[in-house]
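**Q** Starting off with a structure, shown below.
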Amino acid sequence: WLKDNCSQIDCDKPNCVKLIKLDYLYTEANIALNQRKYVGLMPRNEHDIIEFRKLQSIQKDIVNFISQGQNIYIYSKNVGNGKTSWCLKLVQEYFNQVWPSSQLTCRCLFIHVPQFLLLLKDNISQKSEYIQHVKDNILDCDVVIFDEFGEKASSTYETEHLLSYINTRLSGGKSCFYTSNATPEELKDIVGLRLQSRVIGLSRVFKFTGEDCRTCKM
């Protein structure tokens with residue numbers, strides 16, 4: 001996976017510092033091997049071309065974007081049109097720029113929200129290393145990807161936990177990237193007004209309208 005992001009394509013050094021550091025950053029972020037590879041996405045219509053260009057602009061300045069604690073909310077009613085891939089591309093670019101000066105610490109977390117909330121409740125009776133890792137790093141890491149945010153109506157327990165984590169991050173100037181199938185208006189009924197207001201009010205909002213583009217990568 002590193003060869004897509006490294007000029008020394010033929011490098012086979014077993015102690016490559018870049019590989020060691022990037023592997024650590026991705027592992028701590030809970031980003032799987034198949035999510036670390038370069039993905040070129042093709043917008044399917046004029047509307048998405050505009051949205052992709054805006055995200056490309058953020059990608060070019062990603063270190064400043066994250067250091068300033070800026071946030072994005074990408075939503076679409078369609079699946080497979082680049083919501084999660086764009087968040088991963090932004091983090092990938094961030095890692096590529098910060099790894100030389102980065103210490104071996106958790107700089108990012110990728111959280112699949114439905115799975116996280118399920119494991120969070122299970123953690124009450126059966127302790128989870130994953131949940132502990134998230135709790136240890138969610139407030140201090142540079143950026144958190146909340147994937148499939150607002151997939152279903154949340155219980156009071158779930159909403160309060162998400163509100164606590166997200167509110168603390170936003171108050172501390174930490175970046176949050178959200179992907180969702182819910183429009184900003186629909187999100188209010190799913191997670192409640194307080195959380196919806198924090199998420200949407202403090203994020204740059206992007207809407208994708210294209211169909212599934214997983215088969216049209218370039």
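Within each chain, counting starts at residue 1; across the structure tokens, chains are named A, B, ... in the order shown, with ligands numbered 1 upward in that order.
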With a distance cut-off of 12 Å and only C-alpha atoms, select the neighbouring residues of Ser171 (chain A), excluding the residue or stretch itself and same-chain residues fewer than 6 positions from it, and output the selection as a list in words.
**A**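 Returned residues: Gly69, Gln70, Leu139, Asp140, Leu163, Ser164, Tyr165, Arg198, Val199 and Leu202 of chain A.
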**Q** Would you save the residues of that selection, restricted to N, CA, C and O atoms, as a PDB file, in the first residue's frame?
**A**
ATOM      1  N   GLY A  69      -8.494  23.195  13.244  1.00  0.00           N
ATOM      2  CA  GLY A  69      -9.672  22.570  13.830  1.00  0.00           C
ATOM      3  C   GLY A  69     -10.914  22.676  12.970  1.00  0.00           C
ATOM      4  O   GLY A  69     -12.036  22.721  13.488  1.00  0.00           O
ATOM      5  N   GLN A  70     -10.744  22.688  11.650  1.00  0.00           N
ATOM      6  CA  GLN A  70     -11.899  22.790  10.761  1.00  0.00           C
ATOM      7  C   GLN A  70     -12.533  21.412  10.546  1.00  0.00           C
ATOM      8  O   GLN A  70     -11.889  20.378  10.694  1.00  0.00           O
ATOM      9  N   LEU A 139     -10.269  12.306  22.315  1.00  0.00           N
ATOM     10  CA  LEU A 139     -10.310  13.728  22.668  1.00  0.00           C
ATOM     11  C   LEU A 139      -9.064  14.490  22.235  1.00  0.00           C
ATOM     12  O   LEU A 139      -9.118  15.710  22.045  1.00  0.00           O
ATOM     13  N   ASP A 140      -7.949  13.780  22.049  1.00  0.00           N
ATOM     14  CA  ASP A 140      -6.683  14.467  21.814  1.00  0.00           C
ATOM     15  C   ASP A 140      -6.108  14.301  20.421  1.00  0.00           C
ATOM     16  O   ASP A 140      -5.241  15.100  20.023  1.00  0.00           O
ATOM     17  N   LEU A 163     -22.372  13.318  21.837  1.00  0.00           N
ATOM     18  CA  LEU A 163     -22.360  14.751  22.112  1.00  0.00           C
ATOM     19  C   LEU A 163     -21.178  15.125  22.986  1.00  0.00           C
ATOM     20  O   LEU A 163     -20.499  16.128  22.736  1.00  0.00           O
ATOM     21  N   SER A 164     -20.905  14.314  24.002  1.00  0.00           N
ATOM     22  CA  SER A 164     -19.786  14.592  24.896  1.00  0.00           C
ATOM     23  C   SER A 164     -18.457  14.584  24.152  1.00  0.00           C
ATOM     24  O   SER A 164     -17.645  15.510  24.280  1.00  0.00           O
ATOM     25  N   TYR A 165     -18.229  13.530  23.354  1.00  0.00           N
ATOM     26  CA  TYR A 165     -16.972  13.422  22.620  1.00  0.00           C
ATOM     27  C   TYR A 165     -16.833  14.534  21.588  1.00  0.00           C
ATOM     28  O   TYR A 165     -15.789  15.205  21.511  1.00  0.00           O
ATOM     29  N   ARG A 198     -24.322  21.369  16.595  1.00  0.00           N
ATOM     30  CA  ARG A 198     -22.866  21.405  16.739  1.00  0.00           C
ATOM     31  C   ARG A 198     -22.186  20.866  15.485  1.00  0.00           C
ATOM     32  O   ARG A 198     -21.204  21.432  15.001  1.00  0.00           O
ATOM     33  N   VAL A 199     -22.707  19.748  14.968  1.00  0.00           N
ATOM     34  CA  VAL A 199     -22.082  19.108  13.815  1.00  0.00           C
ATOM     35  C   VAL A 199     -22.222  19.962  12.563  1.00  0.00           C
ATOM     36  O   VAL A 199     -21.232  20.287  11.889  1.00  0.00           O
ATOM     37  N   LEU A 202     -20.836  23.875  12.649  1.00  0.00           N
ATOM     38  CA  LEU A 202     -19.390  24.090  12.692  1.00  0.00           C
ATOM     39  C   LEU A 202     -18.649  23.301  11.619  1.00  0.00           C
ATOM     40  O   LEU A 202     -17.445  23.084  11.723  1.00  0.00           O
TER      41      LEU A 202
END
**Q** Near Leu22 (chain A), within 10 Å and counting only C-alpha atoms, which residues show up once chain neighbours fewer than 6 positions away are dropped, as a list in words?
**A**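 Neighbouring residues, sequence-local ones excluded: Leu2, Glu28, Arg36, Gln92, Phe95, Asn96, Val98, Trp99, Pro100, Ser102 and Leu104 of chain A.
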**Q** Could you please take those selected residues and save C-alpha atoms as a PDB file, in the first residue's frame?
**A**
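What ended up in out36.pdb:
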ATOM      1  CA  LEU A   2       2.896   2.380   0.617  1.00  0.00           C
ATOM      2  CA  GLU A  28      -3.415   3.638  15.605  1.00  0.00           C
ATOM      3  CA  ARG A  36      -4.610   2.930   2.934  1.00  0.00           C
ATOM      4  CA  GLN A  92      -3.882   9.952   3.767  1.00  0.00           C
ATOM      5  CA  PHE A  95      -0.203  11.512   7.108  1.00  0.00           C
ATOM      6  CA  ASN A  96       2.000  11.885   4.020  1.00  0.00           C
ATOM      7  CA  VAL A  98       3.261  15.051   8.816  1.00  0.00           C
ATOM      8  CA  TRP A  99       4.972  11.662   9.157  1.00  0.00           C
ATOM      9  CA  PRO A 100       8.594  13.012   9.038  1.00  0.00           C
ATOM     10  CA  SER A 102       5.441  12.933  13.806  1.00  0.00           C
ATOM     11  CA  LEU A 104       4.663   7.592  17.492  1.00  0.00           C
TER      12      LEU A 104
END
**Q** Of the residues A:Leu33, A:Leu25, A:Ile66, A:Val143, which is the one nearest to Trp1 (chain A), using only C-alpha atoms?
**A** A:Leu33
**Q** Any idea what's packed within 12 Å of Arg194 (chain A), counting only C-alpha atoms, ignoring anything in its chain fewer than 4 positions away? Could you give it as a list in words?
**A** Thr159, Glu160, Leu162, Leu163, Ser164, Ile166, Asn167, Leu187, Lys188, Asp189, Ile190, Arg198, Val199, Ile200 and Gly201 of chain A
**Q** Name the closest residue to Glu186 (chain A) among the candidates A:Val134, A:Cys87, A:Ala153, A:Leu55; distances are taken between atoms, counting only C-alpha atoms.
**A**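 Among A:Val134, A:Cys87, A:Ala153, A:Leu55, it is A:Ala153 that comes nearest to Glu186 (chain A).
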**Q** For Leu117 (chain A), work out the shell of residues within 12 Å, counting only C-alpha atoms and skipping chain neighbours fewer than 2 positions away, then give it as a PyMOL selection string.
**A** chain A and resi 111-115+119-124+130-131+134+146-162
**Q** Selected residues, N, CA and C atoms, written as a PDB file, in the first residue's frame, please.
**A**
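Produced file again.pdb, reproduced below:
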ATOM      1  N   ILE A 111     -13.674   5.996  12.995  1.00  0.00           N
ATOM      2  CA  ILE A 111     -14.727   5.373  13.803  1.00  0.00           C
ATOM      3  C   ILE A 111     -15.943   5.112  12.935  1.00  0.00           C
ATOM      4  N   HIS A 112     -16.270   3.828  12.748  1.00  0.00           N
ATOM      5  CA  HIS A 112     -17.528   3.470  12.092  1.00  0.00           C
ATOM      6  C   HIS A 112     -18.594   3.575  13.175  1.00  0.00           C
ATOM      7  N   VAL A 113     -19.377   4.632  13.134  1.00  0.00           N
ATOM      8  CA  VAL A 113     -20.242   4.998  14.250  1.00  0.00           C
ATOM      9  C   VAL A 113     -21.211   3.896  14.667  1.00  0.00           C
ATOM     10  N   PRO A 114     -21.935   3.229  13.750  1.00  0.00           N
ATOM     11  CA  PRO A 114     -22.852   2.170  14.191  1.00  0.00           C
ATOM     12  C   PRO A 114     -22.141   1.058  14.967  1.00  0.00           C
ATOM     13  N   GLN A 115     -20.971   0.642  14.471  1.00  0.00           N
ATOM     14  CA  GLN A 115     -20.212  -0.400  15.168  1.00  0.00           C
ATOM     15  C   GLN A 115     -19.713   0.097  16.521  1.00  0.00           C
ATOM     16  N   LEU A 119     -20.539  -1.568  20.166  1.00  0.00           N
ATOM     17  CA  LEU A 119     -19.479  -2.061  21.043  1.00  0.00           C
ATOM     18  C   LEU A 119     -19.408  -1.266  22.339  1.00  0.00           C
ATOM     19  N   LEU A 120     -19.798  -0.002  22.283  1.00  0.00           N
ATOM     20  CA  LEU A 120     -19.792   0.835  23.478  1.00  0.00           C
ATOM     21  C   LEU A 120     -20.762   0.288  24.522  1.00  0.00           C
ATOM     22  N   LYS A 121     -21.941  -0.131  24.072  1.00  0.00           N
ATOM     23  CA  LYS A 121     -22.911  -0.719  25.000  1.00  0.00           C
ATOM     24  C   LYS A 121     -22.438  -2.082  25.494  1.00  0.00           C
ATOM     25  N   ASP A 122     -21.869  -2.880  24.598  1.00  0.00           N
ATOM     26  CA  ASP A 122     -21.365  -4.191  24.998  1.00  0.00           C
ATOM     27  C   ASP A 122     -20.218  -4.066  25.995  1.00  0.00           C
ATOM     28  N   ASN A 123     -19.484  -2.947  25.903  1.00  0.00           N
ATOM     29  CA  ASN A 123     -18.323  -2.748  26.757  1.00  0.00           C
ATOM     30  C   ASN A 123     -18.695  -2.641  28.233  1.00  0.00           C
ATOM     31  N   ILE A 124     -19.960  -2.353  28.506  1.00  0.00           N
ATOM     32  CA  ILE A 124     -20.415  -2.254  29.900  1.00  0.00           C
ATOM     33  C   ILE A 124     -20.235  -3.586  30.612  1.00  0.00           C
ATOM     34  N   TYR A 130     -10.719  -2.252  21.752  1.00  0.00           N
ATOM     35  CA  TYR A 130     -11.025  -1.230  20.755  1.00  0.00           C
ATOM     36  C   TYR A 130     -11.665  -0.007  21.411  1.00  0.00           C
ATOM     37  N   ILE A 131     -12.661  -0.235  22.257  1.00  0.00           N
ATOM     38  CA  ILE A 131     -13.330   0.879  22.927  1.00  0.00           C
ATOM     39  C   ILE A 131     -12.353   1.628  23.826  1.00  0.00           C
ATOM     40  N   VAL A 134     -10.188   3.844  21.672  1.00  0.00           N
ATOM     41  CA  VAL A 134     -10.920   5.040  21.245  1.00  0.00           C
ATOM     42  C   VAL A 134     -11.025   6.038  22.389  1.00  0.00           C
ATOM     43  N   PHE A 146     -15.857  10.278  11.662  1.00  0.00           N
ATOM     44  CA  PHE A 146     -17.078   9.638  12.148  1.00  0.00           C
ATOM     45  C   PHE A 146     -17.836   9.130  10.919  1.00  0.00           C
ATOM     46  N   ASP A 147     -17.610   7.870  10.576  1.00  0.00           N
ATOM     47  CA  ASP A 147     -18.167   7.297   9.360  1.00  0.00           C
ATOM     48  C   ASP A 147     -19.581   6.776   9.595  1.00  0.00           C
ATOM     49  N   GLU A 148     -20.471   7.036   8.636  1.00  0.00           N
ATOM     50  CA  GLU A 148     -21.886   6.659   8.722  1.00  0.00           C
ATOM     51  C   GLU A 148     -22.534   7.232   9.978  1.00  0.00           C
ATOM     52  N   PHE A 149     -22.287   8.503  10.181  1.00  0.00           N
ATOM     53  CA  PHE A 149     -22.856   9.233  11.306  1.00  0.00           C
ATOM     54  C   PHE A 149     -24.352   9.429  11.079  1.00  0.00           C
ATOM     55  N   GLY A 150     -25.166   9.186  12.115  1.00  0.00           N
ATOM     56  CA  GLY A 150     -26.597   9.377  11.993  1.00  0.00           C
ATOM     57  C   GLY A 150     -27.260   8.351  11.104  1.00  0.00           C
ATOM     58  N   GLU A 151     -26.739   7.121  11.127  1.00  0.00           N
ATOM     59  CA  GLU A 151     -27.338   6.074  10.288  1.00  0.00           C
ATOM     60  C   GLU A 151     -28.742   5.716  10.758  1.00  0.00           C
ATOM     61  N   LYS A 152     -28.954   5.765  12.071  1.00  0.00           N
ATOM     62  CA  LYS A 152     -30.266   5.460  12.622  1.00  0.00           C
ATOM     63  C   LYS A 152     -30.511   6.339  13.844  1.00  0.00           C
ATOM     64  N   ALA A 153     -31.763   6.402  14.272  1.00  0.00           N
ATOM     65  CA  ALA A 153     -32.093   7.194  15.454  1.00  0.00           C
ATOM     66  C   ALA A 153     -31.314   6.685  16.654  1.00  0.00           C
ATOM     67  N   SER A 154     -30.707   7.594  17.384  1.00  0.00           N
ATOM     68  CA  SER A 154     -29.872   7.214  18.517  1.00  0.00           C
ATOM     69  C   SER A 154     -30.668   7.247  19.812  1.00  0.00           C
ATOM     70  N   SER A 155     -30.309   6.345  20.705  1.00  0.00           N
ATOM     71  CA  SER A 155     -30.889   6.376  22.044  1.00  0.00           C
ATOM     72  C   SER A 155     -30.281   7.541  22.816  1.00  0.00           C
ATOM     73  N   THR A 156     -30.878   7.862  23.951  1.00  0.00           N
ATOM     74  CA  THR A 156     -30.337   8.936  24.790  1.00  0.00           C
ATOM     75  C   THR A 156     -28.914   8.613  25.210  1.00  0.00           C
ATOM     76  N   TYR A 157     -28.652   7.345  25.533  1.00  0.00           N
ATOM     77  CA  TYR A 157     -27.312   6.898  25.930  1.00  0.00           C
ATOM     78  C   TYR A 157     -26.310   7.166  24.810  1.00  0.00           C
ATOM     79  N   GLU A 158     -26.668   6.790  23.590  1.00  0.00           N
ATOM     80  CA  GLU A 158     -25.760   6.953  22.456  1.00  0.00           C
ATOM     81  C   GLU A 158     -25.547   8.435  22.135  1.00  0.00           C
ATOM     82  N   THR A 159     -26.641   9.192  22.130  1.00  0.00           N
ATOM     83  CA  THR A 159     -26.542  10.607  21.806  1.00  0.00           C
ATOM     84  C   THR A 159     -25.679  11.359  22.800  1.00  0.00           C
ATOM     85  N   GLU A 160     -25.849  11.070  24.091  1.00  0.00           N
ATOM     86  CA  GLU A 160     -25.080  11.764  25.113  1.00  0.00           C
ATOM     87  C   GLU A 160     -23.589  11.461  24.993  1.00  0.00           C
ATOM     88  N   HIS A 161     -23.242  10.213  24.665  1.00  0.00           N
ATOM     89  CA  HIS A 161     -21.831   9.873  24.481  1.00  0.00           C
ATOM     90  C   HIS A 161     -21.246  10.593  23.269  1.00  0.00           C
ATOM     91  N   LEU A 162     -21.958  10.555  22.151  1.00  0.00           N
ATOM     92  CA  LEU A 162     -21.470  11.243  20.964  1.00  0.00           C
ATOM     93  C   LEU A 162     -21.364  12.743  21.193  1.00  0.00           C
TER      94      LEU A 162
END
**Q** Which residues come within 8 Å of Tyr75 (chain A), counting only C-alpha atoms, excluding same-chain residues fewer than 3 positions away, as an MDAnalysis selection string?
**A** chainID A and resid 83 179:183 205:208
**Q** Could you please write out, as number ranges by chain, every residue of chain A that DSSP assigns to helix (DSSP H, G or I)?
**A** A: 2-5, 17-28, 33-35, 46-60, 62-67, 83-101, 113-122, 129-137, 156-171, 184-191, 193-201
**Q** In Å, with one decimal, what is the gap from CA of Gln56 (chain A) to CA of Gly80 (chain A)?
**A**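 Between CA of Gln56 (chain A) and CA of Gly80 (chain A) the gap works out to 18.5 Å.
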**Q** Taking only C-alpha atoms into account, name the residue in A:Val144, A:Cys16, A:Val91, A:Val191 that is nearest to Val63 (chain A).
**A** A:Val91
**Q** If you run DSSP on this backbone, which residues of region 44-186 of chain A come out as strand (DSSP E or B), and could you give them as a list of chain:residue names?
**A**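 Answer for region 44-186 of chain A, restricted to strand (DSSP E or B): A:Ile72, A:Tyr73, A:Ile74, A:Tyr75, A:Cys108, A:Leu109, A:Phe110, A:Ile111, A:His112, A:Val143, A:Val144, A:Ile145, A:Phe146, A:Asp147, A:Ser175, A:Cys176, A:Phe177, A:Tyr178, A:Thr179, A:Ser180.
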**Q** Next, dump the selected residues to file, keeping only C-alpha atoms, as a PDB file, in the first residue's frame.
**A**
ATOM      1  CA  ILE A  72     -16.436  18.647   7.152  1.00  0.00           C
ATOM      2  CA  TYR A  73     -19.801  16.909   6.778  1.00  0.00           C
ATOM      3  CA  ILE A  74     -20.237  14.868   3.582  1.00  0.00           C
ATOM      4  CA  TYR A  75     -23.664  13.403   2.930  1.00  0.00           C
ATOM      5  CA  CYS A 108      -6.269  10.198  13.833  1.00  0.00           C
ATOM      6  CA  LEU A 109      -9.153   7.819  14.573  1.00  0.00           C
ATOM      7  CA  PHE A 110     -11.460   6.189  12.043  1.00  0.00           C
ATOM      8  CA  ILE A 111     -14.727   5.373  13.803  1.00  0.00           C
ATOM      9  CA  HIS A 112     -17.528   3.470  12.092  1.00  0.00           C
ATOM     10  CA  VAL A 143      -8.771  14.421  13.531  1.00  0.00           C
ATOM     11  CA  VAL A 144     -11.565  11.874  13.902  1.00  0.00           C
ATOM     12  CA  ILE A 145     -13.526  10.398  11.002  1.00  0.00           C
ATOM     13  CA  PHE A 146     -17.078   9.638  12.148  1.00  0.00           C
ATOM     14  CA  ASP A 147     -18.167   7.297   9.360  1.00  0.00           C
ATOM     15  CA  SER A 175     -11.122  18.479  13.590  1.00  0.00           C
ATOM     16  CA  CYS A 176     -14.023  16.125  12.903  1.00  0.00           C
ATOM     17  CA  PHE A 177     -14.871  14.611   9.506  1.00  0.00           C
ATOM     18  CA  TYR A 178     -18.365  13.136   9.182  1.00  0.00           C
ATOM     19  CA  THR A 179     -19.942  10.975   6.485  1.00  0.00           C
ATOM     20  CA  SER A 180     -23.674  10.382   6.483  1.00  0.00           C
TER      21      SER A 180
END
**Q** Of the residues A:Gln35, A:Gln68, A:Asn45, A:Gln126, which is the one nearest to Lys174 (chain A), using only C-alpha atoms?
**A**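 Closest to Lys174 (chain A) of all the choices is A:Gln68.
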**Q** Tell me, in Å to one decimal, how far CA of Arg204 (chain A) is from CA of Asn71 (chain A).
**A**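 Those two atoms sit 6.2 Å apart.
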**Q** I'd like to know which of A:Asn81, A:Lys18, A:Ile31, A:Glu93 is closest to Asp48 (chain A), using only C-alpha atoms.
**A**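 Smallest separation from Asp48 (chain A) among the options: A:Asn81.
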